[in-house]
$ cat upload29.cif   # mmCIF, C-alpha atoms
data_entry
loop_
_atom_site.label_atom_id
_atom_site.label_comp_id
_atom_site.auth_asym_id
_atom_site.auth_seq_id
_atom_site.Cartn_x
_atom_site.Cartn_y
_atom_site.Cartn_z
CA MET E 1 -49.52 48.91 31.25
CA LYS E 2 -46.88 46.18 31.18
CA ASP E 3 -47.67 45.69 27.49
CA THR E 4 -46.05 49.03 26.67
CA ILE E 5 -42.70 47.70 27.92
CA GLY E 6 -40.14 47.45 25.15
CA VAL E 7 -42.10 49.42 22.56
CA GLU E 8 -39.93 52.18 21.08
CA THR E 9 -41.43 55.63 20.58
CA THR E 10 -41.39 57.37 17.19
CA PRO E 11 -38.15 59.35 16.83
CA ILE E 12 -38.15 63.10 17.39
CA PHE E 13 -35.37 64.97 15.60
CA ASN E 14 -33.39 67.68 17.38
CA ASN E 15 -30.91 70.06 15.75
CA VAL E 16 -27.88 70.86 17.86
CA GLU E 17 -27.28 74.61 17.80
CA LYS E 18 -24.16 76.35 19.05
CA GLY E 19 -26.18 78.88 21.02
CA ALA E 20 -28.08 76.11 22.79
CA ILE E 21 -24.84 74.40 23.85
CA MET E 22 -23.42 77.72 25.11
CA LYS E 23 -26.59 78.53 27.05
CA PHE E 24 -26.73 75.05 28.56
CA ALA E 25 -23.08 75.24 29.67
CA GLU E 26 -23.70 78.68 31.15
CA ALA E 27 -26.81 77.44 32.99
CA ILE E 28 -24.94 74.56 34.64
CA GLY E 29 -22.08 76.91 35.53
CA ASP E 30 -19.46 75.15 33.41
CA ASN E 31 -17.08 77.54 31.65
CA ASN E 32 -15.10 74.86 29.83
CA PRO E 33 -13.94 76.56 26.57
CA LEU E 34 -14.80 73.40 24.59
CA TYR E 35 -18.44 74.40 25.08
CA ASN E 36 -18.21 78.14 24.41
CA ASN E 37 -15.03 79.14 22.60
CA GLU E 38 -14.88 78.26 18.92
CA ALA E 39 -11.17 79.11 18.51
CA ILE E 40 -9.98 77.05 21.48
CA ALA E 41 -12.33 74.18 20.68
CA ARG E 42 -11.12 74.10 17.04
CA ALA E 43 -7.49 74.01 18.06
CA SER E 44 -8.17 71.18 20.53
CA ILE E 45 -8.19 67.46 19.71
CA TYR E 46 -12.00 67.70 19.43
CA GLY E 47 -11.76 69.97 16.38
CA GLY E 48 -14.72 72.12 17.35
CA ILE E 49 -17.33 72.86 19.97
CA ILE E 50 -18.78 69.78 21.68
CA ALA E 51 -21.70 69.52 24.09
CA PRO E 52 -21.44 68.81 27.84
CA PRO E 53 -22.34 65.18 28.69
CA THR E 54 -25.82 65.93 30.03
CA PHE E 55 -26.73 68.41 27.27
CA LEU E 56 -28.86 65.57 25.88
CA ARG E 57 -31.34 66.30 28.69
CA SER E 58 -32.41 69.31 26.60
CA MET E 59 -33.40 67.10 23.65
CA LYS E 60 -37.06 66.50 23.02
CA GLY E 61 -38.41 62.99 22.68
CA ALA E 62 -41.87 61.48 22.49
CA THR E 63 -43.32 61.26 25.99
CA ILE E 64 -44.57 58.03 27.50
CA ARG E 65 -47.54 59.29 29.52
CA LEU E 66 -48.57 56.95 32.29
CA GLU E 67 -50.02 59.28 34.95
CA SER E 68 -53.62 58.37 34.19
CA GLU E 69 -52.93 54.64 34.22
CA ILE E 70 -51.10 54.74 37.54
CA SER E 71 -53.38 57.48 38.97
CA LEU E 72 -50.51 59.40 40.56
CA SER E 73 -49.58 62.89 39.36
CA LYS E 74 -46.62 64.07 41.43
CA ARG E 75 -43.24 63.00 40.17
CA LEU E 76 -39.58 63.19 41.07
CA ASP E 77 -36.46 62.27 39.14
CA GLY E 78 -34.98 59.09 40.63
CA GLY E 79 -31.73 59.04 38.70
CA SER E 80 -30.00 58.44 35.39
CA SER E 81 -27.42 56.09 34.03
CA TRP E 82 -25.62 57.18 30.86
CA ASP E 83 -23.49 55.34 28.33
CA TYR E 84 -21.53 57.56 25.97
CA TYR E 85 -20.25 56.47 22.55
CA HIS E 86 -19.66 59.64 20.51
CA TYR E 87 -19.39 63.38 21.11
CA ILE E 88 -22.30 65.66 20.26
CA ARG E 89 -21.33 68.49 17.94
CA VAL E 90 -22.80 71.70 16.61
CA GLY E 91 -24.85 70.93 13.49
CA ASP E 92 -25.72 67.36 14.51
CA THR E 93 -29.26 66.12 14.17
CA ILE E 94 -30.11 63.86 17.08
CA ALA E 95 -33.00 61.41 16.86
CA VAL E 96 -34.45 60.68 20.28
CA THR E 97 -36.37 57.48 20.93
CA ALA E 98 -37.45 55.98 24.24
CA LYS E 99 -38.83 52.74 25.50
CA LEU E 100 -40.14 51.63 28.82
CA ILE E 101 -37.84 49.01 30.31
CA ASP E 102 -39.24 48.54 33.82
CA ILE E 103 -42.11 49.47 36.13
CA TYR E 104 -42.22 48.59 39.83
CA GLU E 105 -43.96 49.77 42.99
CA ARG E 106 -42.78 50.51 46.53
CA GLU E 107 -44.50 51.72 49.66
CA GLY E 108 -42.88 54.98 50.76
CA ARG E 109 -43.47 57.27 53.73
CA SER E 110 -46.09 59.15 51.76
CA GLY E 111 -47.78 56.01 50.41
CA ARG E 112 -47.62 54.27 47.07
CA MET E 113 -44.71 55.06 44.77
CA VAL E 114 -44.35 53.84 41.20
CA PHE E 115 -40.93 53.69 39.56
CA ILE E 116 -40.79 53.98 35.80
CA VAL E 117 -37.54 53.25 34.01
CA ARG E 118 -37.10 54.34 30.40
CA LYS E 119 -34.17 53.75 28.10
CA ILE E 120 -33.68 56.83 25.96
CA LYS E 121 -31.52 56.45 22.87
CA TYR E 122 -29.82 59.34 21.08
CA THR E 123 -28.75 58.71 17.47
CA ASN E 124 -26.98 61.21 15.21
CA GLN E 125 -27.35 61.89 11.50
CA LEU E 126 -24.56 59.36 10.73
CA ASN E 127 -26.74 56.71 12.36
CA GLN E 128 -24.31 56.45 15.28
CA VAL E 129 -25.82 55.95 18.72
CA VAL E 130 -24.13 58.82 20.58
CA ALA E 131 -25.50 57.88 24.00
CA THR E 132 -28.19 56.07 25.91
CA GLN E 133 -29.76 57.17 29.16
CA ASP E 134 -31.66 54.90 31.55
CA SER E 135 -33.86 57.38 33.36
CA THR E 136 -35.93 56.56 36.46
CA LEU E 137 -39.01 58.64 37.28
CA ILE E 138 -40.79 58.21 40.60
CA TYR E 139 -44.53 58.90 40.71
CA TYR E 140 -46.09 59.43 44.14
CA MET H 1 -6.40 74.22 30.71
CA ASN H 2 -5.65 71.39 33.09
CA LYS H 3 -2.59 69.23 32.83
CA GLN H 4 -2.71 65.75 31.43
CA ILE H 5 -3.38 62.80 33.73
CA PHE H 6 -1.95 59.32 33.22
CA PHE H 7 -3.24 55.87 34.13
CA ASP H 8 -0.09 54.92 36.05
CA ASP H 9 -0.40 57.97 38.31
CA LEU H 10 -3.93 57.17 39.47
CA HIS H 11 -4.57 54.92 42.45
CA GLU H 12 -7.60 53.31 44.04
CA GLY H 13 -8.72 55.24 47.10
CA THR H 14 -7.42 58.63 45.89
CA LEU H 15 -9.81 61.58 46.06
CA ILE H 16 -10.20 63.70 42.94
CA PRO H 17 -10.38 67.55 43.00
CA PRO H 18 -13.80 68.59 44.40
CA LEU H 19 -16.31 70.82 42.63
CA ILE H 20 -18.16 73.42 44.68
CA LYS H 21 -21.42 74.97 43.50
CA ASN H 22 -23.52 77.79 44.93
CA PRO H 23 -26.91 77.28 43.30
CA THR H 24 -29.47 80.09 43.39
CA THR H 25 -33.15 80.17 42.39
CA GLN H 26 -31.98 82.25 39.42
CA GLN H 27 -29.78 79.36 38.28
CA LEU H 28 -32.76 76.99 38.49
CA VAL H 29 -34.74 79.28 36.20
CA GLN H 30 -31.75 79.49 33.88
CA TYR H 31 -31.44 75.69 33.86
CA ALA H 32 -35.17 75.30 33.26
CA GLY H 33 -34.82 77.50 30.17
CA ALA H 34 -31.65 75.84 28.86
CA SER H 35 -32.89 72.27 29.40
CA GLY H 36 -36.57 72.77 28.63
CA ASP H 37 -37.55 71.21 31.98
CA PHE H 38 -40.28 73.56 33.18
CA TYR H 39 -41.68 71.36 35.96
CA GLN H 40 -42.93 74.01 38.42
CA ILE H 41 -41.39 72.39 41.53
CA HIS H 42 -38.11 74.00 40.43
CA TYR H 43 -39.24 77.66 40.39
CA ASP H 44 -42.77 78.05 41.81
CA GLN H 45 -42.75 78.09 45.64
CA ASP H 46 -46.52 77.57 46.00
CA TYR H 47 -46.53 74.71 43.55
CA ALA H 48 -43.56 73.06 45.27
CA LYS H 49 -45.24 73.35 48.68
CA SER H 50 -48.52 71.96 47.37
CA ASN H 51 -46.49 68.95 46.20
CA GLY H 52 -45.27 68.40 49.75
CA LEU H 53 -41.83 69.90 49.17
CA PRO H 54 -40.21 72.38 51.60
CA THR H 55 -39.48 74.91 48.83
CA VAL H 56 -38.32 74.84 45.22
CA ILE H 57 -35.80 72.07 44.68
CA ILE H 58 -32.77 71.74 42.43
CA HIS H 59 -33.34 69.79 39.21
CA GLY H 60 -31.83 66.33 39.59
CA ALA H 61 -30.46 66.72 36.09
CA LEU H 62 -28.56 69.87 37.14
CA LYS H 63 -26.78 67.81 39.80
CA ASN H 64 -26.20 65.24 37.06
CA ALA H 65 -24.50 67.96 35.00
CA TRP H 66 -22.16 68.69 37.93
CA PHE H 67 -21.33 64.97 38.23
CA GLY H 68 -20.22 65.23 34.61
CA GLN H 69 -18.32 68.47 35.18
CA ILE H 70 -16.23 67.21 38.11
CA ILE H 71 -14.91 64.49 35.78
CA THR H 72 -14.43 66.58 32.63
CA ASP H 73 -12.77 69.41 34.61
CA TRP H 74 -10.31 66.92 36.03
CA ILE H 75 -9.49 64.72 33.03
CA GLY H 76 -9.59 67.48 30.39
CA SER H 77 -8.53 66.05 27.05
CA SER H 78 -6.56 63.20 28.66
CA GLY H 79 -9.52 60.90 28.43
CA THR H 80 -13.10 60.24 27.50
CA LEU H 81 -16.14 59.88 29.71
CA GLU H 82 -17.71 56.48 28.98
CA LYS H 83 -20.38 56.08 31.67
CA LEU H 84 -22.04 58.35 34.20
CA SER H 85 -24.69 57.42 36.70
CA ILE H 86 -26.52 59.26 39.45
CA GLN H 87 -29.11 58.34 42.07
CA TYR H 88 -31.04 60.98 43.98
CA ARG H 89 -31.47 59.92 47.61
CA GLY H 90 -32.51 63.32 48.88
CA MET H 91 -33.56 66.71 47.59
CA ASP H 92 -31.38 69.80 47.46
CA VAL H 93 -32.49 73.39 47.66
CA PRO H 94 -30.86 76.58 46.38
CA GLY H 95 -29.19 79.07 48.71
CA SER H 96 -26.29 77.20 50.25
CA PRO H 97 -23.11 75.64 48.87
CA LEU H 98 -23.00 72.06 47.62
CA THR H 99 -19.83 70.04 47.27
CA ILE H 100 -19.30 67.28 44.74
CA ASP H 101 -16.52 64.80 45.57
CA GLY H 102 -15.13 61.73 43.93
CA LYS H 103 -12.86 58.83 44.81
CA ILE H 104 -11.08 56.42 42.49
CA VAL H 105 -12.43 52.94 43.18
CA ARG H 106 -11.15 50.81 40.31
CA LYS H 107 -8.63 50.83 37.47
CA TRP H 108 -8.28 48.21 34.78
CA VAL H 109 -7.18 47.51 31.22
CA GLU H 110 -9.56 46.07 28.65
CA HIS H 111 -9.04 45.73 24.88
CA SER H 112 -5.89 47.90 25.23
CA LYS H 113 -7.91 50.73 26.77
CA TYR H 114 -7.18 52.09 30.22
CA PHE H 115 -10.26 52.51 32.40
CA ILE H 116 -10.82 54.33 35.68
CA GLU H 117 -13.97 54.17 37.80
CA VAL H 118 -14.77 56.97 40.22
CA GLU H 119 -17.40 56.91 42.94
CA LEU H 120 -19.18 60.29 43.19
CA TRP H 121 -21.26 61.96 45.85
CA LEU H 122 -22.79 65.35 46.55
CA GLN H 123 -22.86 66.77 50.06
CA ASN H 124 -25.00 69.66 51.27
CA SER H 125 -23.92 72.29 53.80
CA ASN H 126 -25.28 70.11 56.66
CA GLY H 127 -22.88 67.36 55.66
CA GLU H 128 -25.64 65.13 54.27
CA ARG H 129 -24.89 63.09 51.17
CA THR H 130 -28.08 63.55 49.18
CA THR H 131 -26.85 62.22 45.87
CA LYS H 132 -24.62 59.35 44.82
CA GLY H 133 -23.27 58.11 41.55
CA SER H 134 -20.29 56.93 39.60
CA ALA H 135 -18.33 57.59 36.44
CA ILE H 136 -16.12 55.51 34.20
CA PHE H 137 -13.64 57.11 31.83
CA SER H 138 -10.90 55.83 29.59
CA LEU H 139 -7.43 57.32 29.27
CA LYS H 140 -5.33 57.43 26.15
CA SER H 141 -1.95 57.17 27.80
CA ILE H 142 -0.68 54.84 30.44
CA THR H 143 2.35 56.98 31.28
CA LYS H 144 4.40 59.94 30.11
#
$ encode --input "upload29.cif" --output "structure tokens"
Amino acid sequence: MKDTIGVETTPIFNNVEKGAIMKFAEAIGDNNPLYNNEAIARASIYGGIIAPPTFLRSMKGATIRLESEISLSKRLDGGSSWDYYHYIRVGDTIAVTAKLIDIYEREGRSGRMVFIVRKIKYTNQLNQVVATQDSTLIYY
Amino acid sequence: MNKQIFFDDLHEGTLIPPLIKNPTTQQLVQYAGASGDFYQIHYDQDYAKSNGLPTVIIHGALKNAWFGQIITDWIGSSGTLEKLSIQYRGMDVPGSPLTIDGKIVRKWVEHSKYFIEVELWLQNSNGERTTKGSAIFSLKSITK
């Protein structure tokens, strides 16, 4: 399993649609007009609708399936660490790639727990890395 | 929209305006749809219980969204979010209010940019801090 560390997945391309940004903002309960009001967003310094910082969680990427190798099926989200470089805008095409950067085990109250850390990279159509997310999944 | 904030007016130790959320199971379904995260522990009671959970739990990533919102609500267009991190120490369930708070812990200048770091936490209605994190943003203006 350790040999999969550092290998980048094939990119999956995601189109950023206005409706998807608006629905995401509504779902998180954020009524910031930059996410849902074209006129206000255009008149702002951003020049148009942008996506909320964690909108990238709705992007699809190739999955790194490890359940069978670690023989644990239940999972919880352990946390995320984001670095942001550019705004995400309506009409962008975001390439999502991921690589495994760490795997470690701990003994928890309910037994063995395996922590899997992936670095997910989001790149737009201008070849700019818009953000990276280090995401920790806990299998138990 | 919110008023502009300036680097010189921000001080280490100052609390930022809190964000209060009242999540419902309906919101979890809505978030599942908007994010594409259809893991059943967030909307299927039986499935959640068979996974050893008390009931359906709030998506960690939804709490992550609120950690972003408390910052963007506050800084508006005065600055840019550069980093955001979150660690889930405990689970949260829908049906009671959650409060997200933040405190300024560091301010510095680097390559002529003005940076602020904020420590973030989420507290449930029993006063337990289930979630911790931090944010770093940069400001365009040092003063008026």
$ closest_atom_pairs --input "upload29.cif" --of "chain H" --to "chain E" --cutoff "9 Å" --atoms "only C-alpha atoms" --output "JSON lines"
{"residue": "H:Met1", "atom": "CA", "partner": "E:Asn32", "partner_atom": "CA", "distance": 8.8}
{"residue": "H:Lys21", "atom": "CA", "partner": "E:Gly29", "partner_atom": "CA", "distance": 8.2}
{"residue": "H:Gln27", "atom": "CA", "partner": "E:Ala27", "partner_atom": "CA", "distance": 6.4}
{"residue": "H:Leu28", "atom": "CA", "partner": "E:Ala27", "partner_atom": "CA", "distance": 8.1}
{"residue": "H:Val29", "atom": "CA", "partner": "E:Ala27", "partner_atom": "CA", "distance": 8.8}
{"residue": "H:Gln30", "atom": "CA", "partner": "E:Ala27", "partner_atom": "CA", "distance": 5.4}
{"residue": "H:Tyr31", "atom": "CA", "partner": "E:Ala27", "partner_atom": "CA", "distance": 5.0}
{"residue": "H:Ala32", "atom": "CA", "partner": "E:Ala27", "partner_atom": "CA", "distance": 8.6}
{"residue": "H:Gly33", "atom": "CA", "partner": "E:Ala27", "partner_atom": "CA", "distance": 8.5}
{"residue": "H:Ala34", "atom": "CA", "partner": "E:Phe24", "partner_atom": "CA", "distance": 5.0}
{"residue": "H:Ser35", "atom": "CA", "partner": "E:Ser58", "partner_atom": "CA", "distance": 4.1}
{"residue": "H:Gly36", "atom": "CA", "partner": "E:Ser58", "partner_atom": "CA", "distance": 5.8}
{"residue": "H:Asp37", "atom": "CA", "partner": "E:Ser58", "partner_atom": "CA", "distance": 7.7}
{"residue": "H:Asn51", "atom": "CA", "partner": "E:Lys74", "partner_atom": "CA", "distance": 6.8}
{"residue": "H:His59", "atom": "CA", "partner": "E:Asp77", "partner_atom": "CA", "distance": 8.1}
{"residue": "H:Gly60", "atom": "CA", "partner": "E:Asp77", "partner_atom": "CA", "distance": 6.2}
{"residue": "H:Ala61", "atom": "CA", "partner": "E:Arg57", "partner_atom": "CA", "distance": 7.5}
{"residue": "H:Leu62", "atom": "CA", "partner": "E:Ile28", "partner_atom": "CA", "distance": 6.4}
{"residue": "H:Lys63", "atom": "CA", "partner": "E:Ile28", "partner_atom": "CA", "distance": 8.7}
{"residue": "H:Asn64", "atom": "CA", "partner": "E:Thr54", "partner_atom": "CA", "distance": 7.1}
{"residue": "H:Ala65", "atom": "CA", "partner": "E:Thr54", "partner_atom": "CA", "distance": 5.5}
{"residue": "H:Trp66", "atom": "CA", "partner": "E:Ile28", "partner_atom": "CA", "distance": 7.3}
{"residue": "H:Gly68", "atom": "CA", "partner": "E:Pro53", "partner_atom": "CA", "distance": 6.3}
{"residue": "H:Gln69", "atom": "CA", "partner": "E:Asp30", "partner_atom": "CA", "distance": 7.0}
{"residue": "H:Thr72", "atom": "CA", "partner": "E:Asn32", "partner_atom": "CA", "distance": 8.8}
{"residue": "H:Asp73", "atom": "CA", "partner": "E:Asn32", "partner_atom": "CA", "distance": 7.6}
{"residue": "H:Ser77", "atom": "CA", "partner": "E:Ile45", "partner_atom": "CA", "distance": 7.5}
{"residue": "H:Thr80", "atom": "CA", "partner": "E:Tyr84", "partner_atom": "CA", "distance": 9.0}
{"residue": "H:Leu81", "atom": "CA", "partner": "E:Tyr84", "partner_atom": "CA", "distance": 7.0}
{"residue": "H:Glu82", "atom": "CA", "partner": "E:Tyr84", "partner_atom": "CA", "distance": 5.0}
{"residue": "H:Lys83", "atom": "CA", "partner": "E:Asp83", "partner_atom": "CA", "distance": 4.6}
{"residue": "H:Leu84", "atom": "CA", "partner": "E:Trp82", "partner_atom": "CA", "distance": 5.0}
{"residue": "H:Ser85", "atom": "CA", "partner": "E:Ser81", "partner_atom": "CA", "distance": 4.0}
{"residue": "H:Ile86", "atom": "CA", "partner": "E:Gly79", "partner_atom": "CA", "distance": 5.3}
{"residue": "H:Gln87", "atom": "CA", "partner": "E:Gly79", "partner_atom": "CA", "distance": 4.3}
{"residue": "H:Tyr88", "atom": "CA", "partner": "E:Gly78", "partner_atom": "CA", "distance": 5.5}
{"residue": "H:Arg89", "atom": "CA", "partner": "E:Gly78", "partner_atom": "CA", "distance": 7.9}
{"residue": "H:Gly133", "atom": "CA", "partner": "E:Ser81", "partner_atom": "CA", "distance": 8.8}
$ residues_around --input "upload29.cif" --residues "Ser78 of chain H" --least-positions-apart "2" --cutoff "12 Å" --atoms "only C-alpha atoms" --output "MDAnalysis selection string"
(chainID E and resid 44:46) or (chainID H and resid 1:7 71:76 80:81 114:115 137:144)
$ atom_distance --input "upload29.cif" --atom1 "atom CA of Ile100 of chain H" --atom2 "atom CA of Gly127 of chain H"
11.5 Å
$ resolve_selection --input "upload29.cif" --expression "the PyMOL selection byres ((chain E and resi 89) around 9)" --output "mmCIF file with C-alpha atoms, in the coordinates of the input"
data_model
loop_
_atom_site.group_PDB
_atom_site.id
_atom_site.type_symbol
_atom_site.label_atom_id
_atom_site.label_comp_id
_atom_site.auth_asym_id
_atom_site.auth_seq_id
_atom_site.Cartn_x
_atom_site.Cartn_y
_atom_site.Cartn_z
ATOM 1 C CA VAL E 16 -27.880 70.860 17.860
ATOM 2 C CA GLU E 17 -27.280 74.610 17.800
ATOM 3 C CA LYS E 18 -24.160 76.350 19.050
ATOM 4 C CA GLY E 48 -14.720 72.120 17.350
ATOM 5 C CA ILE E 49 -17.330 72.860 19.970
ATOM 6 C CA ILE E 50 -18.780 69.780 21.680
ATOM 7 C CA ALA E 51 -21.700 69.520 24.090
ATOM 8 C CA TYR E 87 -19.390 63.380 21.110
ATOM 9 C CA ILE E 88 -22.300 65.660 20.260
ATOM 10 C CA VAL E 90 -22.800 71.700 16.610
ATOM 11 C CA GLY E 91 -24.850 70.930 13.490
ATOM 12 C CA ASP E 92 -25.720 67.360 14.510
#
$ resolve_selection --input "upload29.cif" --expression "the PyMOL selection byres ((chain E and resi 6) around 7)" --output "list of chain:residue names"
E:Thr4, E:Ile5, E:Val7, E:Glu8, E:Lys99, E:Leu100, E:Ile101
$ resolve_selection --input "upload29.cif" --expression "the PyMOL selection byres ((chain H and resi 96) around 12)" --output "PDB file with C-alpha atoms, keeping the file's coordinate frame"
ATOM      1  CA  ILE H  20     -18.160  73.420  44.680  1.00  0.00           C
ATOM      2  CA  LYS H  21     -21.420  74.970  43.500  1.00  0.00           C
ATOM      3  CA  ASN H  22     -23.520  77.790  44.930  1.00  0.00           C
ATOM      4  CA  PRO H  23     -26.910  77.280  43.300  1.00  0.00           C
ATOM      5  CA  THR H  24     -29.470  80.090  43.390  1.00  0.00           C
ATOM      6  CA  THR H  25     -33.150  80.170  42.390  1.00  0.00           C
ATOM      7  CA  ILE H  58     -32.770  71.740  42.430  1.00  0.00           C
ATOM      8  CA  ASP H  92     -31.380  69.800  47.460  1.00  0.00           C
ATOM      9  CA  VAL H  93     -32.490  73.390  47.660  1.00  0.00           C
ATOM     10  CA  PRO H  94     -30.860  76.580  46.380  1.00  0.00           C
ATOM     11  CA  GLY H  95     -29.190  79.070  48.710  1.00  0.00           C
ATOM     12  CA  PRO H  97     -23.110  75.640  48.870  1.00  0.00           C
ATOM     13  CA  LEU H  98     -23.000  72.060  47.620  1.00  0.00           C
ATOM     14  CA  THR H  99     -19.830  70.040  47.270  1.00  0.00           C
ATOM     15  CA  GLN H 123     -22.860  66.770  50.060  1.00  0.00           C
ATOM     16  CA  ASN H 124     -25.000  69.660  51.270  1.00  0.00           C
ATOM     17  CA  SER H 125     -23.920  72.290  53.800  1.00  0.00           C
ATOM     18  CA  ASN H 126     -25.280  70.110  56.660  1.00  0.00           C
ATOM     19  CA  GLY H 127     -22.880  67.360  55.660  1.00  0.00           C
TER      20      GLY H 127
END
$ atom_distance --input "upload29.cif" --atom1 "atom CA of Gly108 of chain E" --atom2 "atom CA of Ile138 of chain E"
10.9 Å
$ closest_residue --input "upload29.cif" --among "H:Lys107, H:Ile16, H:Ala135, H:Gln40" --to "Thr55 of chain H" --atoms "only C-alpha atoms"
H:Gln40
$ closest_residue --input "upload29.cif" --among "E:Pro11, E:Gly47, E:Glu38, E:Ala98" --to "Lys121 of chain E" --atoms "only C-alpha atoms"
E:Ala98
$ atom_distance --input "upload29.cif" --atom1 "atom CA of Arg106 of chain E" --atom2 "atom CA of Leu72 of chain E"
13.2 Å
$ closest_residue --input "upload29.cif" --among "E:Asn36, E:Arg109, E:Ser68, E:Asn124" --to "Thr97 of chain E" --atoms "all atoms listed in the file"
E:Asn124
$ axis_aligned_box --input "upload29.cif" --around "segment 77-83 of chain H" --padding-each-side "3 Å" --output "JSON"
{"center_x": -13.5, "center_y": 61.1, "center_z": 29.4, "size_x": 19.8, "size_y": 16.0, "size_z": 10.6}
